[in-house]
Structure formats: C-alpha cells, structure tokens
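Below is one structure; the comments refer to it alone.
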2 protein chains.
Amino acid sequence: MSKIIRLLSVAAIAGIYSSSAPAEPIVLKDMGSFHIGGKIFKIEGQPVETVKFTPNGVPAKIDPNGEYAIEQMYVQYFIPQDQKGALPLLLWHGGGLTGVTYETTPDGREGWLNYFLRKGWPVYNSDAVERGRAGWPATTPSPWMGKPVLVTAANAYERFRIGGDKSWNDDPEKRKLLPGNQFPADSIEQFAKQFSPRWTTTDEPVMQAYLQLVDKVCPCVLLVHSQSGKFGFQAAQMRPDKIKALVAVEPAAVGNDQDVAMLKDVPTLMVYGDYIEQDSRWPKIRATGAQFAEAIRKAGGKVDEVDLPKVGIKGNSHMVMMDRNNMQVADLINNWLGEQGLYR
Amino acid sequence: MSKIIRLLSVAAIAGIYSSSAPAEPIVLKDMGSFHIGGKIFKIEGQPVETVKFTPNGVPAKIDPNGEYAIEQMYVQYFIPQDQKGALPLLLWHGGGLTGVTYETTPDGREGWLNYFLRKGWPVYNSDAVERGRAGWPATTPSPWMGKPVLVTAANAYERFRIGGDKSWNDDPEKRKLLPGNQFPADSIEQFAKQFSPRWTTTDEPVMQAYLQLVDKVCPCVLLVHSQSGKFGFQAAQMRPDKIKALVAVEPAAVGNDQDVAMLKDVPTLMVYGDYIEQDSRWPKIRATGAQFAEAIRKAGGKVDEVDLPKVGIKGNSHMVMMDRNNMQVADLINNWLGEQGLYR
C-alpha cells in the first residue's frame with residue numbers, strides 16, 4: 001500500500017495503559033438529552049384502527065392518518081464541572097449501531113464516553129437517524145426505500161476483524177479469533193444485543209440531522225467511527241468553520257473528493273486497527289482513506305494517519321473503543337487533541 | 001367513581017415547587033450501560049445478499065441466516081457519590097416511548113432522572129424490549145406477530161390528556177388545550193420525536209427482560225408509568241422480596257387479580273393526573289386501578305392512591321414527568337419514599 005504513515009509524537013505513550021476505572025468521581029455541571037432535526041411526514045387515506053395496547057387494556061381508536069415526526073436524531077450530553085477540553089466533543093457511532101458504542105464495553109469496562117468525560121470534555125453522544133432512541137418510521141407507506149438490515153453476531157465477528165473471514169462457528173470453542181485480538185470476544189453475544197436495524201438508503205436524512213446538531217452545539221471536535229466517517233468528513237466539508245478537529249476511527253467511507261480543499265483548516269486524525277492486510281475488504285477501505293488523506297494534504301490540509309500496529313499498538317479490531325486496550329487508544333487521541341491546542 | 005382517596009401527609013407540600021435546575025453539580029461514583037435478557041433467534045434457508053452499506057462503499061456479503069440477538073433490553077445507570085436513596089431506583093417508561101421519557105423534558109427542563117440523581121438515588125433508566133437502544137428484530141421472518149404501531153403527535157395530544165378528545169388541529173393556533181394543562185404543549189412536535197414504534201404482542205418478552213433486570217440489580221424501588229404499570233405490578237408479584245416499593249404513575253394496566261396477596265408487603269403509591277373524568281378512556285383505567293388497589297388492601301397490603309387534583313396539584317397530563325410542575329410531583333414521590341423508610 002502506498003500510504004504515508006506519520007509517526008506521531010504520541011506514539012511514545014504507546015506502552016502506557018490507562019488503569020481500569022479510576023476511583024475519582026465524575027462531576028457534572030449538567031446532563032440531559034434532546035432530539036434534533038427531522039421533518040413532518042404526512043399519511044393520508046388509511047383506515048382508522050382499533051388497538052388494544054395491552055391484552056386487558058381499554059381499546060383505543062388509532063387513526064394512522066396525520067403527521068409523524070421522522071428523521072430526527074437523539075443526543076445525550078454530559079457537561080463536566082471542570083472543563084479541560086476546549087470545545088464540545090461529539091461522538092458519532094458506526095453503521096448498525098447506536099451511541100451505546102461509546103458507553104460501557106460489552107464485557108463491562110468503561111468506554112470512551114466515560115474516558116473523555118473524566119478527562120474534562122463536554123461530550124455529546126448520539127443515536128443517528130433511524131437508530132436507537134432516534135426512532136424509526138413504522139408507517140404505511142414508509143418514507144424510506146428498501147428494508148432495514150440487521151446483522152448476526154457471526155457477521156460482526158467476521159466483518160469487524162475479530163475473527164477473520166469465515167472464522168465464525170456457533171460453538172464458541174470452535175471460533176477462530178485473530179491471534180492477539182483485543183476485542184473481548186467472549187462477549188460477542190453481548191455485543192450483538194447492541195445491534196440496530198439500519199436502512200442503506202438514509203444517508204441524506206442522517207446527514208441533515210447531523211448538520212443541525214453541528215449548527216446547534218459547535219464549534220466542536222468531532223470523533224467518528226466506521227460509517228460515520230463519511231458523515232464526519234462531509235459535515236466538516238459543509239461546516240469547516242465549526243469542526244475544529246476531526247478524529248476518524250476506522251472510517252468506512254470518507255468525504256467528497258471534489259471538496260477536499262474545504263478540509264485544509266480542519267486538523268484530522270485517522271486511526272486504524274490491526275489485521276487490515278489479511279481482511280477481504282479492509283485493504284481497499286484503508287487505501288481509500290489514505291488517498292483521501294493525501295488529497296487533503298495536497299490541498300494544504302493536515303492529516304495524521306495512525307495505523308496502530310505501526311506505533312506499537314497491536315491487536316485492535318474494528319471496534320477499537322471496545323477493545324481491551326481501548327483506553328490506550330483514547331490516550332493517543334486525547335494527546336493528539338492536546339497537540340492541536342484543544343486540550344489543556 | 002367509588003374509590004378511596006387517602007390524603008397523604010405529603011399533600012402538605014403541594015404548594016411548594018422545586019426551583020428550576022439547581023446550580024449544584026451531579027457527582028457520580030459511576031455511570032454506564034448494559035443490555036440484559038433476550039435470546040438467540042435463528043434464521044435458516046434465506047439467500048445470501050450483497051449489501052453496499054454506503055453508496056460508494058465496498059460491497060459486503062450479508063448472509064441473513066444465522067443467530068440474532070433479540071428481545072434484550074437496554075439499561076443506563078448513574079450511581080451518585082453521595083447516596084441517599086436506600087436502594088437502586090428503576091425507571092420504566094410507558095408504551096411507544098423509551099427511557100428518554102425521564103430525561104430532559106421536550107421544552108428543555110430537567111426530568112426525573114436528574115431529579116432523583118440530584119436527590120442521591122442510584123438510578124437505572126431503561127429502554128424496554130423492542131424500543132430505543134434495546135433494538136428490534138428486522139429479520140425475515142419476524143419472531144413477533146403483528147406490526148408495530150407508531151402514533152402521531154395528534155394521537156398523543158388527545159390520548160395523553162393534553163388536549164381532550166378531538167382537540168388536535170394541525171394548526172397550533174387552533175388546538176384546544178385542556179384549561180390549565182401543565183404539559184409544555186408548545187413542544188408537542190418535539191415530544192413526538194421521542195415516539196418509538198411498538199408491537200402490541202410483545203408483553204411476554206418485555207416482562208422476561210424486566211425480570212432479568214430485577215434479578216440483577218434489586219432489591220430496589222420501582223417507578224413505572226402507563227404501559228409499564230402492568231409490568232411493574234407483575235414484576236412485584238413475581239419478585240415480592242426484591243421490589244421494596246412500587247410507584248405507579250398513571251398505570252394503564254395493573255397486575256394479575258389472582259395474585260394480589262403477593263403484593264401485601266410491597267408498599268405502593270399510585271399517582272394520577274388531572275382531567276380523568278372528562279376523558280373517554282381514563283375513567284375506566286382509573287377505576288381498574290382503584291379496584292386493584294382495594295384488592296391489595298383487602299389482602300393486607302398498603303396502597304396509597306393520589307389523585308393529584310385532590311391534593312391541590314392541578315393540570316397534570318398523562319406525561320406527569322414532563323409537565324411544568326414535574327418537580328412538584330417528584331417531590332411528592334420522594335417524600336412518600338421517605339415515609340417508607342427508603343430515603344434518608
């Protein structure tokens with residue numbers, strides 16, 4: 001692969017793990033949630049239904065005609081009392097997942113939400129349009145084309161570089177974990193409980209809601225993962241004055257090639273885990289990321305690409321924030337943000 | 001209506017409002033989330049599909065056959081540093097909604113989650129099976145009968161006693177708000193963004209996941225609303241040693257009549273809002289609650305029923321925890337829990 005790996009000064013910390021759950025309390029000035037974005041979707045001409053919401057309940061007339069709220073997203077925020085991050089930090093999850101990605105890991109350790117809060121960042125963790133607490137339009141007709149996809153534990157195990165291609169077996173004893181893998185693979189069934197159905201035709205409303213979030217709470221730092229790599233780069237291209245730094249963790253897709261110049265003042269960190277070369281899809285995804293990074297650099301921008309194994313951090317799956325060394329990678333990100341002058 | 005209204009001593013505080021968002025920080029010993037319950041659902045004999053998860057993405061083979069995690073629920077917990085509630089407090093939401101019910105109100109005020117945290121309760125706020133971050137099984141075939149129902153803003157406006165029957169108009173100026181109503185009706189469209197599709201055939205898996213939650217985190221205090229009234233009373237009937245108090249806010253359904261004696265050692269508070277007599281469905285729902293309460297008392301149990309208007313708290317809709325006087329009602333509940341010896 002013809003890509004430039006810039007060895008960051010933060011690589012020096014690669015050997016230092018954060019300890020597990022610190023005893024220090026999390027002190028919040030405020031916490032709460034809101035929905036943002038979306039539109040009214042009007043249904044007409046459907047018959048009125050009588051619905052018993054519980055088996056012994058009192059029947060209610062439900063008129064399916066009328067105005068539905070659709071295509072909104074959900075955001076939960078936590079504002080630390082002692083703020084050390086210069087700006088709000090927005091966490092955007094990957095495809096088929098929700099903001100749960102950043103909470104407790106499937107095997108019960110603290111996730112990046114707690115990490116960044118403890119470090120003093122105001123954190124906005126969200127569920128994209130269609131997923132989790134964002135809700136979805138169970139209307140007839142549907143506003144969206146196609147049908148939602150839900151994946152199996154097996155699919156995630158193989159596609160997220162926990163095991164490799166064809167590594168799954170329903171018998172846990174017979175699964176082929178990639179050697180040295182840091183994902184808590186014994187908790188793969190617990191991870192599968194986090195999976196959310198997703199449409200593949202909703203990029204436009206997802207992006208629109210994200211932009212409304214950016215317009216509400218930014219300037220900010222944006223941390224994206226996998227599918228939201230695309231949304232993060234595009235949001236930065238459309239709101240370059242509001243995204244003061246972009247951290248793309250294993251972005252599955254990137255921004256628009258023709259608008260790379262819009263990113264020249266958005267310092268960007270791209271982080272990739274292990275086992276990429278031996279995967280059936282990831283070499284191409286990684287190369288696309290490298291090409292996009294190089295195009296930004298040619299347009300005068302600053303992009304740091306970190307392939308974790310090359311800085312001594314080995315064994316990371318696609319779900320870096322859940323891996324056993326998740327805090328080590330979080331430290332790397334936080335140090336990089338410090339180098340951008342965004343953390344005191 | 002032939003119901004006994006027991007005037008609680010807490011009625012004395014009816015005139016005292018909590019002030020808006022206190023300046024005191026929320027100090028947490030821990031926070032996190034987990035999924036619990038559910039089962040494996042196996043799909044066989046379906047064709048393999050090729051899915052592009054993003055328009056320019058690398059195509060992935062998706063084999064829909066295999067094992068899906070279904071019927072789990074989602075729980076987010078917050079443990080205060082200075083604990084004043086004697087036990088964990090579990091918040092269970094109503095039908096077509098999620099744990100967002102207890103977070104920030106649709107017009108941006110603090111909800112009961114923050115209230116009880118600030119009061120020193122360890123709080124477990126959850127999304128029931130099928131809703132929000134619990135996920136739902138978008139499989140072919142579906143494990144569940146029937147189709148999910150999503151309601152309109154109009155339906156909630158009329159059915160939740162914000163306006164009365166046939167009070168909605170798409171033009172906000174022409175809606176007929178019930179006089180003195182405390183719901184932030186200008187934010188009804190924002191409230192509609194919280195709505196979640198619901199099946200009417202999932203009571204059994206919902207109950208099973210709730211029981212697993214009870215077995216994991218209780219003994220506890222249980223606070224339920226609307227649809228979850230049924231789940232709360234039934235959980236207490238099945239785990240009377242683990243539910244040390246039950247607060248049922250506008251329960252839409254109750255427990256099993258034949259098992260009322262199981263509730264004799266579970267002190268229970270039932271809270272109802274305003275406008276019940278003039279509604280098309282609520283007089284019957286209220287009467288069912290009163291009959292159940294009386295049956296528990298006859299079996300030797302203790303149930304306090306509070307119709308808020310009769311203790312001087314007027315204007316409450318079905319969504320008591322979002323109404324403008326939500327903190328006044330929370331105070332009433334917290335004081336009642338203190339009277340049960342569960343709050344210091």
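Ligands are numbered from 1 in the order shown, chains are lettered A, B, ... in the order of the structure tokens, and residues start at 1 in each chain.
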
Task: Neighbour list for Ile276 in chain B as a VMD selection string, cut-off 10 Å, only C-alpha atoms, skip fewer than 6 positions in-chain - done: chain B and resid 161 164 282 to 286 307 316 to 318

Task: Those in range 195-285 of chain B with strand (DSSP E) from DSSP, as a list in words - done: Cys220, Val221, Leu222, Leu223, Val224, His225, Ile243, Lys244, Ala245, Leu246, Val247, Ala248, Val249, Thr268, Leu269, Met270, Val271 and Tyr272 of chain B

Open item on the list: Using only C-alpha atoms, which protein or nucleic acid residues come within 12 Å of Pro172 in chain B? Drop anything in the same chain fewer than 6 positions from it, and give the result as a list in words.
Closed with: Ala153, Ala154, Tyr157, Gly163, Ala185, Asp186, Ser187, Ile188 and Glu189 of chain B

Open item on the list: Taking 4 positions as the minimum chain separation for residues in the same chain, which residues sit within 8 Å of Thr139 in chain A when counting only C-alpha atoms? Answer as a PyMOL selection string.
Closed with: (chain A and resi 43+64+143) or (chain B and resi 149-150)

Same residues, C-alpha atoms, saved as an mmCIF file, in the first residue's frame:
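Below is the file selection10.cif, written as the result:
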```
data_model
loop_
_atom_site.group_PDB
_atom_site.id
_atom_site.type_symbol
_atom_site.label_atom_id
_atom_site.label_comp_id
_atom_site.auth_asym_id
_atom_site.auth_seq_id
_atom_site.Cartn_x
_atom_site.Cartn_y
_atom_site.Cartn_z
ATOM 1 C CA ILE A 43 -50.020 9.934 5.996
ATOM 2 C CA PRO A 64 -52.891 6.271 11.261
ATOM 3 C CA PRO A 143 -40.834 7.291 3.767
ATOM 4 C CA VAL B 149 -47.619 0.936 15.748
ATOM 5 C CA LEU B 150 -46.225 4.458 15.664
#
```

- [ ] Using only C-alpha atoms, find the one residue out of B:Arg118, B:Lys147, B:Arg109, B:Lys52 that sits nearest to Arg198 in chain A.
- [x] B:Lys52

Produce a table with one row for each residue of chain A that has an atom at most 6 Å from any atom of chain B, each row naming the nearest atom pair and its distance in Å at one decimal; use only C-alpha atoms; arrange rows by chain and rising residue number; format as a tab-separated table.
```
residue	atom	partner	partner_atom	distance
A:Pro25	CA	B:Lys29	CA	4.7
A:Ile26	CA	B:Leu28	CA	5.0
A:Val27	CA	B:Val27	CA	4.5
A:Leu28	CA	B:Ile26	CA	5.0
A:Lys29	CA	B:Pro25	CA	4.7
A:Gly32	CA	B:Thr104	CA	5.3
A:Ser33	CA	B:Thr104	CA	5.6
A:Phe53	CA	B:Thr200	CA	5.6
A:Glu67	CA	B:Thr152	CA	5.6
A:Tyr68	CA	B:Thr152	CA	5.0
A:Ala69	CA	B:Lys193	CA	5.3
A:Glu103	CA	B:Gly32	CA	5.9
A:Thr104	CA	B:Gly32	CA	5.3
A:Gly132	CA	B:Arg133	CA	4.2
A:Arg133	CA	B:Gly132	CA	4.2
A:Gly135	CA	B:Ser196	CA	5.2
A:Ala138	CA	B:Leu150	CA	5.8
A:Leu150	CA	B:Ala138	CA	5.8
A:Thr152	CA	B:Tyr68	CA	5.0
A:Ala192	CA	B:Ala69	CA	5.8
A:Lys193	CA	B:Ala69	CA	5.3
A:Ser196	CA	B:Gly135	CA	5.2
A:Thr200	CA	B:Phe53	CA	5.6
```

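With only C-alpha atoms as the atoms that count, the residue of B:Lys174, B:Lys314, B:Lys244, B:Lys216 with the shortest distance to Ala86 in chain B is B:Lys244.
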
Task: DSSP alpha helix (DSSP H) selection over range 216-316 of chain A, as a PyMOL selection string - done: chain A and resi 216-217+228-238+282-298

TODO: Kindly give the distance, in Å, that separates CA of Ala287 in chain A and CA of Gly341 in chain A, rounded to a single decimal.
DONE: 29.0 Å
